[in-house]
file data15.tsv (TSV, C-alpha atoms)
chain	number	residue	atom	x	y	z
R	1	MET	CA	12.63	-17.32	12.42
R	2	ASP	CA	13.26	-13.63	11.78
R	3	TYR	CA	10.76	-11.36	10.06
R	4	PHE	CA	10.89	-7.74	8.93
R	5	ILE	CA	8.36	-4.94	8.39
R	6	ALA	CA	8.21	-1.13	8.48
R	7	ASP	CA	5.69	1.69	8.58
R	8	LEU	CA	2.81	-0.13	10.21
R	9	HIS	CA	1.31	3.16	11.43
R	10	PHE	CA	-1.23	1.52	13.73
R	11	GLY	CA	-4.06	3.98	14.39
R	12	HIS	CA	-2.82	6.55	11.86
R	13	ALA	CA	-5.87	7.38	9.71
R	14	ASN	CA	-3.82	9.65	7.39
R	15	ALA	CA	-1.69	6.64	6.39
R	16	LEU	CA	-4.75	5.30	4.56
R	17	ARG	CA	-4.61	8.28	2.21
R	18	PHE	CA	-0.93	8.91	1.63
R	19	ASP	CA	0.00	5.38	0.52
R	20	PRO	CA	-3.00	4.80	-0.35
R	21	ARG	CA	-3.87	1.77	1.75
R	22	PRO	CA	-6.87	-0.29	0.61
R	23	PHE	CA	-8.92	-0.15	3.81
R	24	ALA	CA	-12.28	1.48	4.51
R	25	ASP	CA	-11.13	2.81	7.87
R	26	ILE	CA	-8.24	2.64	10.32
R	27	GLN	CA	-9.95	-0.03	12.44
R	28	SER	CA	-10.07	-2.50	9.52
R	29	HIS	CA	-6.46	-1.55	8.67
R	30	ASP	CA	-5.29	-2.30	12.19
R	31	GLN	CA	-7.26	-5.54	12.46
R	32	THR	CA	-5.86	-6.75	9.13
R	33	LEU	CA	-2.30	-5.98	10.24
R	34	ILE	CA	-2.84	-7.91	13.50
R	35	LYS	CA	-4.45	-10.87	11.70
R	36	ASN	CA	-1.72	-11.01	9.04
R	37	TRP	CA	1.03	-10.70	11.65
R	38	ASN	CA	-0.33	-13.56	13.76
R	39	SER	CA	-0.97	-15.81	10.75
R	40	THR	CA	2.76	-15.60	9.96
R	41	VAL	CA	4.66	-14.94	13.20
R	42	GLY	CA	4.85	-17.57	15.92
R	43	ASP	CA	5.64	-17.06	19.60
R	44	ASP	CA	9.29	-18.08	19.10
R	45	ASP	CA	9.87	-15.76	16.13
R	46	THR	CA	11.45	-12.30	16.13
R	47	VAL	CA	10.11	-9.35	14.15
R	48	TYR	CA	12.36	-6.43	13.31
R	49	ILE	CA	10.09	-3.39	13.03
R	50	LEU	CA	11.88	-0.75	10.97
R	51	GLY	CA	10.11	2.24	12.42
R	52	ASP	CA	6.77	3.98	12.66
R	53	PHE	CA	4.98	1.31	14.65
R	54	SER	CA	2.08	3.22	16.17
R	55	TRP	CA	0.40	6.61	16.00
R	56	VAL	CA	-1.96	6.10	18.96
R	57	ASN	CA	-1.41	6.78	22.66
R	58	ALA	CA	0.54	4.45	24.98
R	59	SER	CA	-2.45	2.52	26.35
R	60	LYS	CA	-3.85	1.79	22.87
R	61	THR	CA	-0.35	0.88	21.64
R	62	LEU	CA	0.01	-1.55	24.56
R	63	GLU	CA	-3.35	-3.10	23.67
R	64	ILE	CA	-2.28	-3.60	20.04
R	65	PHE	CA	1.17	-4.85	20.99
R	66	GLN	CA	-0.20	-7.51	23.35
R	67	GLN	CA	-2.14	-9.03	20.46
R	68	LEU	CA	0.99	-9.62	18.35
R	69	ASN	CA	2.95	-12.88	18.41
R	70	GLY	CA	6.71	-13.10	18.76
R	71	SER	CA	9.49	-10.95	20.12
R	72	LYS	CA	9.98	-7.48	18.70
R	73	VAL	CA	13.02	-5.33	17.95
R	74	LEU	CA	12.40	-1.69	17.06
R	75	ILE	CA	14.62	0.21	14.67
R	76	LYS	CA	13.37	3.71	15.47
R	77	GLY	CA	11.47	5.72	12.89
R	78	ASN	CA	10.57	9.38	12.79
R	79	HIS	CA	7.13	8.75	14.34
R	80	ASP	CA	8.34	6.65	17.31
R	81	SER	CA	9.95	9.26	19.59
R	82	LYS	CA	6.84	10.44	21.43
R	83	LEU	CA	5.74	6.92	22.43
R	84	LEU	CA	9.27	5.88	23.36
R	85	LYS	CA	9.32	8.51	26.12
R	86	LYS	CA	7.10	6.08	28.05
R	87	GLN	CA	8.97	3.33	29.89
R	88	GLU	CA	6.09	0.86	29.46
R	89	ILE	CA	6.47	1.20	25.67
R	90	GLN	CA	10.25	0.79	25.81
R	91	ASN	CA	9.78	-2.39	27.85
R	92	LEU	CA	7.81	-4.03	25.01
R	93	PHE	CA	10.88	-4.44	22.82
R	94	LEU	CA	13.89	-6.76	23.12
R	95	GLU	CA	15.97	-3.92	21.74
R	96	ILE	CA	15.49	-0.37	20.47
R	97	CYS	CA	18.08	1.23	18.20
R	98	ASP	CA	18.49	3.63	15.28
R	99	TYR	CA	20.58	1.26	13.15
R	100	LYS	CA	21.41	-2.43	13.35
R	101	GLU	CA	23.68	-4.87	11.54
R	102	LEU	CA	22.83	-8.56	11.40
R	103	LYS	CA	25.16	-11.29	10.14
R	104	LEU	CA	23.66	-13.69	7.65
R	105	GLU	CA	24.52	-17.38	7.31
R	106	ASP	CA	26.68	-16.71	4.24
R	107	LYS	CA	28.85	-14.28	6.29
R	108	LYS	CA	27.31	-11.29	4.53
R	109	GLY	CA	25.52	-8.61	6.47
R	110	LEU	CA	22.10	-7.03	6.64
R	111	ILE	CA	21.79	-3.35	7.50
R	112	LEU	CA	18.52	-2.33	9.16
R	113	CYS	CA	17.52	1.33	9.31
R	114	HIS	CA	14.21	3.15	9.07
R	115	TYR	CA	15.75	5.47	6.49
R	116	PRO	CA	17.15	4.34	3.12
R	117	ILE	CA	20.95	4.50	2.91
R	118	PRO	CA	22.01	4.19	-0.76
R	119	CYS	CA	25.71	3.86	0.09
R	120	PHE	CA	25.21	1.39	2.95
R	121	LYS	CA	28.12	-0.53	4.44
R	122	ASN	CA	29.65	-3.10	2.05
R	123	HIS	CA	26.94	-2.58	-0.58
R	124	TYR	CA	29.45	-3.51	-3.29
R	125	TYR	CA	30.40	-6.71	-1.43
R	126	GLY	CA	26.93	-8.24	-1.51
R	127	TRP	CA	25.54	-6.98	1.78
R	128	TYR	CA	21.83	-6.14	2.09
R	129	HIS	CA	19.90	-3.16	3.40
R	130	PHE	CA	16.26	-3.12	4.53
R	131	TYR	CA	14.55	0.24	5.09
R	132	GLY	CA	11.17	1.95	5.29
R	133	HIS	CA	10.16	5.60	5.68
R	134	VAL	CA	9.61	6.43	2.00
R	135	HIS	CA	6.41	4.35	1.66
R	136	ASP	CA	5.37	4.13	-2.01
R	137	GLY	CA	5.85	7.79	-2.85
R	138	THR	CA	8.19	10.03	-4.78
R	139	GLU	CA	11.11	9.32	-2.45
R	140	GLU	CA	10.74	5.56	-3.07
R	141	THR	CA	10.84	6.20	-6.82
R	142	MET	CA	14.04	8.17	-6.23
R	143	MET	CA	15.54	5.30	-4.16
R	144	LEU	CA	14.75	2.80	-6.93
R	145	ARG	CA	16.47	5.08	-9.44
R	146	VAL	CA	19.51	5.42	-7.15
R	147	LYS	CA	19.56	1.63	-6.73
R	148	ARG	CA	19.75	1.19	-10.52
R	149	GLU	CA	22.47	3.84	-10.75
R	150	MET	CA	24.50	2.06	-8.04
R	151	GLU	CA	24.19	-1.21	-9.96
R	152	ASP	CA	25.36	0.50	-13.16
R	153	LEU	CA	28.28	2.12	-11.34
R	154	TYR	CA	29.56	-0.97	-9.49
R	155	HIS	CA	28.29	-3.72	-11.85
R	156	VAL	CA	26.93	-5.65	-8.86
R	157	PRO	CA	23.39	-5.80	-7.45
R	158	CYS	CA	22.44	-3.07	-5.00
R	159	ASN	CA	20.63	-5.18	-2.42
R	160	MET	CA	18.46	-2.52	-0.78
R	161	PHE	CA	14.78	-3.28	-0.19
R	162	ASN	CA	11.87	-1.26	1.13
R	163	VAL	CA	10.07	-3.36	3.76
R	164	GLY	CA	7.18	-0.95	4.21
R	165	CYS	CA	4.03	-2.94	4.92
R	166	MET	CA	2.25	-1.35	1.95
R	167	LYS	CA	4.62	-2.79	-0.65
R	168	ASP	CA	3.00	-5.53	-2.77
R	169	TYR	CA	5.53	-8.16	-1.68
R	170	MET	CA	5.03	-7.22	1.99
R	171	ASN	CA	1.21	-7.43	1.81
R	172	TYR	CA	0.72	-5.83	5.26
R	173	THR	CA	2.51	-8.84	6.77
R	174	PRO	CA	5.96	-9.33	8.33
R	175	GLN	CA	8.06	-11.21	5.77
R	176	SER	CA	11.19	-13.35	5.94
R	177	PHE	CA	14.54	-12.30	4.49
R	178	GLY	CA	14.13	-14.77	1.60
R	179	THR	CA	10.67	-13.55	0.65
R	180	ILE	CA	11.81	-9.93	0.64
R	181	VAL	CA	14.95	-10.59	-1.40
R	182	ASN	CA	13.23	-12.94	-3.86
R	183	HIS	CA	10.15	-10.78	-4.45
R	184	GLY	CA	11.21	-7.24	-3.50
R	185	GLY	CA	13.46	-6.70	-6.50
R	186	LYS	CA	10.68	-7.30	-9.00
R	187	GLU	CA	9.18	-3.81	-8.95
call {"tool": "encode", "arguments": {"input": "data15.tsv", "output": "C-alpha coordinates"}}
result
Amino acid sequence: MDYFIADLHFGHANALRFDPRPFADIQSHDQTLIKNWNSTVGDDDTVYILGDFSWVNASKTLEIFQQLNGSKVLIKGNHDSKLLKKQEIQNLFLEICDYKELKLEDKKGLILCHYPIPCFKNHYYGWYHFYGHVHDGTEETMMLRVKREMEDLYHVPCNMFNVGCMKDYMNYTPQSFGTIVNHGGKE
(Lines of atoms letter the chains of each structure in order from A and count residues from 1; the text may use other names and numbers.)
(Lines give C-alpha, C1' and ligand atoms only; values in the text may rest on other atoms or scores of the structure.)
Protein backbone atom coordinates (compact mmCIF):
# COMPACT_ATOMS: atom_id res chain seq x y z
CA MET A 1 0.00 0.00 0.00
CA ASP A 2 1.11 3.58 -0.62
CA TYR A 3 1.03 6.27 2.05
CA PHE A 4 1.75 9.99 1.99
CA ILE A 5 2.95 12.59 4.50
CA ALA A 6 4.86 15.90 4.55
CA ASP A 7 6.63 18.22 6.96
CA LEU A 8 7.57 15.70 9.63
CA HIS A 9 10.39 17.96 10.86
CA PHE A 10 11.96 15.31 13.08
CA GLY A 11 14.09 17.03 15.73
CA HIS A 12 12.94 20.55 14.80
CA ALA A 13 11.87 22.15 18.10
CA ASN A 14 10.66 25.34 16.35
CA ALA A 15 8.07 23.26 14.46
CA LEU A 16 6.26 22.81 17.78
CA ARG A 17 5.60 26.55 17.90
CA PHE A 18 4.90 27.55 14.33
CA ASP A 19 2.14 25.01 13.65
CA PRO A 20 1.51 24.77 16.75
CA ARG A 21 2.02 21.08 17.38
CA PRO A 22 0.46 19.65 20.57
CA PHE A 23 3.59 18.17 22.13
CA ALA A 24 5.42 19.12 25.33
CA ASP A 25 8.82 18.75 23.68
CA ILE A 26 10.48 17.58 20.47
CA GLN A 27 11.28 14.15 21.93
CA SER A 28 7.60 13.35 22.52
CA HIS A 29 6.82 14.76 19.05
CA ASP A 30 9.36 12.48 17.41
CA GLN A 31 8.33 9.41 19.40
CA THR A 32 4.66 9.99 18.51
CA LEU A 33 5.52 10.31 14.81
CA ILE A 34 7.50 7.04 14.93
CA LYS A 35 4.75 5.22 16.86
CA ASN A 36 2.00 6.48 14.54
CA TRP A 37 4.05 5.64 11.43
CA ASN A 38 4.71 2.06 12.55
CA SER A 39 1.11 1.49 13.66
CA THR A 40 0.01 2.21 10.07
CA VAL A 41 2.89 1.36 7.72
CA GLY A 42 3.99 -2.24 7.21
CA ASP A 43 7.32 -3.50 5.90
CA ASP A 44 5.91 -3.99 2.38
CA ASP A 45 4.34 -0.52 2.17
CA THR A 46 5.77 2.61 0.53
CA VAL A 47 5.63 6.07 2.07
CA TYR A 48 5.98 9.15 -0.11
CA ILE A 49 7.48 11.85 2.10
CA LEU A 50 6.71 15.23 0.55
CA GLY A 51 9.63 17.09 2.03
CA ASP A 52 11.11 18.35 5.26
CA PHE A 53 11.81 14.97 6.81
CA SER A 54 14.44 15.81 9.42
CA TRP A 55 16.12 18.79 11.02
CA VAL A 56 18.78 16.84 12.96
CA ASN A 57 22.25 15.70 11.88
CA ALA A 58 22.89 12.65 9.67
CA SER A 59 23.58 10.17 12.48
CA LYS A 60 20.40 11.10 14.38
CA THR A 61 18.41 11.05 11.11
CA LEU A 62 19.75 7.54 10.39
CA GLU A 63 18.71 6.45 13.89
CA ILE A 64 15.16 7.77 13.35
CA PHE A 65 14.93 6.38 9.83
CA GLN A 66 15.91 2.86 10.92
CA GLN A 67 12.93 2.80 13.28
CA LEU A 68 10.39 3.43 10.49
CA ASN A 69 8.63 0.62 8.63
CA GLY A 70 8.32 0.43 4.87
CA SER A 71 10.15 1.82 1.87
CA LYS A 72 10.49 5.56 1.50
CA VAL A 73 10.45 7.95 -1.46
CA LEU A 74 11.48 11.54 -0.80
CA ILE A 75 10.01 14.44 -2.70
CA LYS A 76 12.53 17.09 -1.66
CA GLY A 77 11.50 20.00 0.53
CA ASN A 78 13.27 23.22 1.36
CA HIS A 79 14.79 21.77 4.55
CA ASP A 80 16.21 18.57 2.99
CA SER A 81 19.21 19.87 1.00
CA LYS A 82 21.80 19.89 3.80
CA LEU A 83 21.15 16.27 4.83
CA LEU A 84 20.99 15.08 1.23
CA LYS A 85 24.62 16.09 0.72
CA LYS A 86 25.45 12.94 2.70
CA GLN A 87 25.49 9.73 0.66
CA GLU A 88 24.33 7.63 3.63
CA ILE A 89 21.15 9.73 3.78
CA GLN A 90 20.56 9.49 0.03
CA ASN A 91 20.89 5.70 0.28
CA LEU A 92 17.92 5.51 2.67
CA PHE A 93 15.40 6.32 -0.05
CA LEU A 94 14.15 4.29 -3.02
CA GLU A 95 14.01 7.54 -4.95
CA ILE A 96 14.66 11.24 -4.37
CA CYS A 97 13.09 13.84 -6.65
CA ASP A 98 11.63 17.35 -6.70
CA TYR A 99 8.37 16.37 -8.41
CA LYS A 100 6.68 13.06 -9.17
CA GLU A 101 3.65 11.88 -11.10
CA LEU A 102 1.88 8.66 -10.16
CA LYS A 103 -0.82 6.96 -12.22
CA LEU A 104 -3.93 5.96 -10.32
CA GLU A 105 -6.08 2.91 -11.04
CA ASP A 106 -8.73 5.05 -12.77
CA LYS A 107 -6.09 6.32 -15.26
CA LYS A 108 -5.99 9.72 -13.55
CA GLY A 109 -2.78 11.07 -12.12
CA LEU A 110 -1.43 12.22 -8.80
CA ILE A 111 1.11 15.04 -8.70
CA LEU A 112 3.48 15.01 -5.72
CA CYS A 113 5.48 18.10 -4.84
CA HIS A 114 6.59 19.67 -1.57
CA TYR A 115 5.24 22.99 -2.79
CA PRO A 116 1.58 23.66 -3.67
CA ILE A 117 0.95 24.08 -7.41
CA PRO A 118 -2.53 25.59 -7.93
CA CYS A 119 -2.45 25.07 -11.70
CA PHE A 120 -1.06 21.52 -11.56
CA LYS A 121 -1.07 19.26 -14.60
CA ASN A 122 -4.58 18.20 -15.72
CA HIS A 123 -6.26 19.78 -12.68
CA TYR A 124 -9.39 20.36 -14.75
CA TYR A 125 -9.42 16.71 -15.87
CA GLY A 126 -9.75 15.24 -12.40
CA TRP A 127 -6.10 14.72 -11.51
CA TYR A 128 -4.93 15.15 -7.91
CA HIS A 129 -2.12 17.06 -6.25
CA PHE A 130 -0.61 16.39 -2.81
CA TYR A 131 1.69 19.00 -1.28
CA GLY A 132 3.15 20.25 1.99
CA HIS A 133 5.35 23.24 2.85
CA VAL A 134 2.62 25.68 3.90
CA HIS A 135 1.77 23.87 7.16
CA ASP A 136 -1.39 25.36 8.72
CA GLY A 137 -0.44 28.99 8.28
CA THR A 138 -1.38 31.99 6.18
CA GLU A 139 -0.08 30.39 2.98
CA GLU A 140 -2.36 27.36 3.52
CA THR A 141 -5.32 29.71 3.93
CA MET A 142 -4.32 31.31 0.64
CA MET A 143 -4.08 27.88 -1.07
CA LEU A 144 -7.57 26.95 0.17
CA ARG A 145 -8.90 30.23 -1.24
CA VAL A 146 -7.16 29.58 -4.58
CA LYS A 147 -8.60 26.05 -4.60
CA ARG A 148 -12.13 27.46 -4.24
CA GLU A 149 -11.45 30.03 -6.96
CA MET A 150 -10.21 27.28 -9.31
CA GLU A 151 -13.39 25.29 -8.66
CA ASP A 152 -15.52 28.36 -9.40
CA LEU A 153 -13.57 29.06 -12.58
CA TYR A 154 -13.60 25.53 -14.04
CA HIS A 155 -16.78 24.17 -12.39
CA VAL A 156 -14.91 20.99 -11.42
CA PRO A 157 -13.27 20.02 -8.11
CA CYS A 158 -9.72 21.22 -7.58
CA ASN A 159 -8.23 18.06 -6.10
CA MET A 160 -5.25 19.53 -4.25
CA PHE A 161 -4.60 18.41 -0.68
CA ASN A 162 -2.09 19.43 1.97
CA VAL A 163 -0.56 16.26 3.43
CA GLY A 164 1.37 18.03 6.17
CA CYS A 165 1.47 15.79 9.23
CA MET A 166 -0.12 18.52 11.38
CA LYS A 167 -3.39 18.59 9.43
CA ASP A 168 -6.31 17.11 11.40
CA TYR A 169 -6.95 14.39 8.80
CA MET A 170 -3.24 13.46 8.76
CA ASN A 171 -2.98 13.19 12.57
CA TYR A 172 0.84 12.93 12.52
CA THR A 173 0.49 9.66 10.61
CA PRO A 174 1.14 8.64 6.99
CA GLN A 175 -2.26 8.30 5.32
CA SER A 176 -3.56 6.49 2.25
CA PHE A 177 -4.78 8.25 -0.88
CA GLY A 178 -8.40 7.42 -0.02
CA THR A 179 -8.18 8.78 3.51
CA ILE A 180 -6.63 12.03 2.30
CA VAL A 181 -9.14 12.56 -0.50
CA ASN A 182 -12.16 11.57 1.60
CA HIS A 183 -11.23 13.62 4.68
CA GLY A 184 -8.87 16.33 3.42
CA GLY A 185 -11.53 18.32 1.60
CA LYS A 186 -13.61 18.85 4.72
CA GLU A 187 -11.70 21.83 6.11
call {"tool": "atom_distance", "arguments": {"input": "data15.tsv", "atom1": "atom CA of R:Ile49", "atom2": "atom CA of R:Leu83"}}
result
14.6 Å
call {"tool": "residues_around", "arguments": {"input": "data15.tsv", "residues": "R:Glu63", "least_positions_apart": "4", "cutoff": "12 Å", "atoms": "all atoms listed in the file", "output": "ChimeraX atom specification"}}
result
/R:10-11,30,34,54,56-59,67-68,88-89,92
call {"tool": "atom_distance", "arguments": {"input": "data15.tsv", "atom1": "atom CA of R:Asp98", "atom2": "atom CA of R:Met142"}}
result
22.4 Å
call {"tool": "residues_around", "arguments": {"input": "data15.tsv", "residues": "R:Asn14", "least_positions_apart": "5", "cutoff": "12 Å", "atoms": "all atoms listed in the file", "output": "ChimeraX atom specification"}}
result
/R:9,19-21,23,25-26,29,55
call {"tool": "atom_distance", "arguments": {"input": "data15.tsv", "atom1": "atom CA of R:Gln175", "atom2": "atom CA of R:Thr40"}}
result
8.1 Å
call {"tool": "residues_near_point", "arguments": {"input": "data15.tsv", "point": "(-0.7, -7.1, 11.5)", "cutoff": "8 Å", "atoms": "only C-alpha atoms", "output": "number ranges by chain"}}
result
R: 8, 30-38, 68, 172-174
call {"tool": "closest_residue", "arguments": {"input": "data15.tsv", "among": "R:Tyr154, R:Gly164, R:Ala24, R:Ile75", "to": "R:Ile5", "atoms": "all atoms listed in the file"}}
result
R:Gly164
call {"tool": "residues_around", "arguments": {"input": "data15.tsv", "residues": "R:Val41", "least_positions_apart": "2", "cutoff": "8 Å", "atoms": "all atoms listed in the file", "output": "PyMOL selection string"}}
result
chain R and resi 3+37-39+43+45-47+69-70+174
call {"tool": "closest_residue", "arguments": {"input": "data15.tsv", "among": "R:Ser81, R:Asn162, R:Ser71, R:Thr141", "to": "R:Ile111", "atoms": "all atoms listed in the file"}}
result
R:Asn162
call {"tool": "build_atoms", "arguments": {"input": "data15.tsv", "residues": "stretch 105-116 of chain R", "atoms": "all heavy atoms", "output": "short mmCIF file (atom, residue, chain, number, x, y, z; two decimals), keeping the file's coordinate frame"}}
result
data_model
loop_
_atom_site.label_atom_id
_atom_site.label_comp_id
_atom_site.auth_asym_id
_atom_site.auth_seq_id
_atom_site.Cartn_x
_atom_site.Cartn_y
_atom_site.Cartn_z
N GLU R 105 23.84 -16.08 7.32
CA GLU R 105 24.52 -17.38 7.31
C GLU R 105 25.69 -17.43 6.34
O GLU R 105 26.65 -18.15 6.58
CB GLU R 105 23.51 -18.49 6.99
CG GLU R 105 22.51 -18.71 8.09
CD GLU R 105 21.46 -19.73 7.72
OE1 GLU R 105 21.64 -20.47 6.73
OE2 GLU R 105 20.45 -19.80 8.44
N ASP R 106 25.61 -16.68 5.24
CA ASP R 106 26.68 -16.71 4.24
C ASP R 106 27.81 -15.72 4.56
O ASP R 106 28.63 -15.41 3.71
CB ASP R 106 26.13 -16.45 2.85
CG ASP R 106 25.50 -15.08 2.71
OD1 ASP R 106 25.50 -14.29 3.69
OD2 ASP R 106 24.99 -14.77 1.63
N LYS R 107 27.84 -15.22 5.79
CA LYS R 107 28.85 -14.28 6.29
C LYS R 107 28.66 -12.87 5.76
O LYS R 107 29.45 -11.99 6.05
CB LYS R 107 30.29 -14.75 5.98
CG LYS R 107 30.60 -16.14 6.45
CD LYS R 107 30.77 -16.19 7.95
CE LYS R 107 31.34 -17.52 8.35
NZ LYS R 107 30.57 -18.27 9.25
N LYS R 108 27.62 -12.64 4.96
CA LYS R 108 27.31 -11.29 4.53
C LYS R 108 26.49 -10.62 5.62
O LYS R 108 26.06 -11.25 6.58
CB LYS R 108 26.57 -11.30 3.20
CG LYS R 108 27.44 -11.78 2.06
CD LYS R 108 26.73 -11.78 0.75
CE LYS R 108 27.69 -12.30 -0.32
NZ LYS R 108 27.02 -12.52 -1.58
N GLY R 109 26.25 -9.34 5.46
CA GLY R 109 25.52 -8.61 6.47
C GLY R 109 24.22 -8.03 5.96
O GLY R 109 23.99 -7.90 4.75
N LEU R 110 23.38 -7.68 6.91
CA LEU R 110 22.10 -7.03 6.64
C LEU R 110 22.05 -5.77 7.49
O LEU R 110 22.16 -5.84 8.72
CB LEU R 110 20.94 -7.96 6.98
CG LEU R 110 19.53 -7.36 6.95
CD1 LEU R 110 19.18 -6.83 5.56
CD2 LEU R 110 18.50 -8.41 7.40
N ILE R 111 21.90 -4.64 6.84
CA ILE R 111 21.79 -3.35 7.50
C ILE R 111 20.32 -3.01 7.66
O ILE R 111 19.56 -3.02 6.67
CB ILE R 111 22.47 -2.24 6.66
CG1 ILE R 111 23.91 -2.60 6.30
CG2 ILE R 111 22.35 -0.88 7.33
CD1 ILE R 111 24.85 -2.74 7.45
N LEU R 112 19.90 -2.71 8.88
CA LEU R 112 18.52 -2.33 9.16
C LEU R 112 18.49 -0.87 9.61
O LEU R 112 19.19 -0.50 10.56
CB LEU R 112 17.93 -3.21 10.26
CG LEU R 112 17.95 -4.72 10.03
CD1 LEU R 112 17.41 -5.44 11.26
CD2 LEU R 112 17.16 -5.09 8.79
N CYS R 113 17.69 -0.07 8.94
CA CYS R 113 17.52 1.33 9.31
C CYS R 113 16.16 1.78 8.79
O CYS R 113 15.73 1.34 7.71
CB CYS R 113 18.64 2.19 8.71
SG CYS R 113 18.60 3.92 9.25
N HIS R 114 15.48 2.63 9.54
CA HIS R 114 14.21 3.15 9.07
C HIS R 114 14.38 3.93 7.76
O HIS R 114 13.54 3.87 6.88
CB HIS R 114 13.58 4.06 10.13
CG HIS R 114 12.28 4.66 9.74
ND1 HIS R 114 11.15 3.91 9.48
CD2 HIS R 114 11.91 5.96 9.54
CE1 HIS R 114 10.15 4.71 9.15
NE2 HIS R 114 10.59 5.97 9.18
N TYR R 115 15.49 4.61 7.65
CA TYR R 115 15.75 5.47 6.49
C TYR R 115 16.60 4.75 5.45
O TYR R 115 17.54 4.04 5.79
CB TYR R 115 16.46 6.74 6.95
CG TYR R 115 15.73 7.42 8.07
CD1 TYR R 115 16.13 7.24 9.39
CD2 TYR R 115 14.60 8.20 7.82
CE1 TYR R 115 15.45 7.84 10.43
CE2 TYR R 115 13.91 8.81 8.86
CZ TYR R 115 14.34 8.62 10.17
OH TYR R 115 13.64 9.20 11.19
N PRO R 116 16.32 4.96 4.16
CA PRO R 116 17.15 4.34 3.12
C PRO R 116 18.55 4.96 3.11
O PRO R 116 18.72 6.17 3.25
CB PRO R 116 16.40 4.65 1.82
CG PRO R 116 15.49 5.79 2.13
CD PRO R 116 15.22 5.75 3.60
#
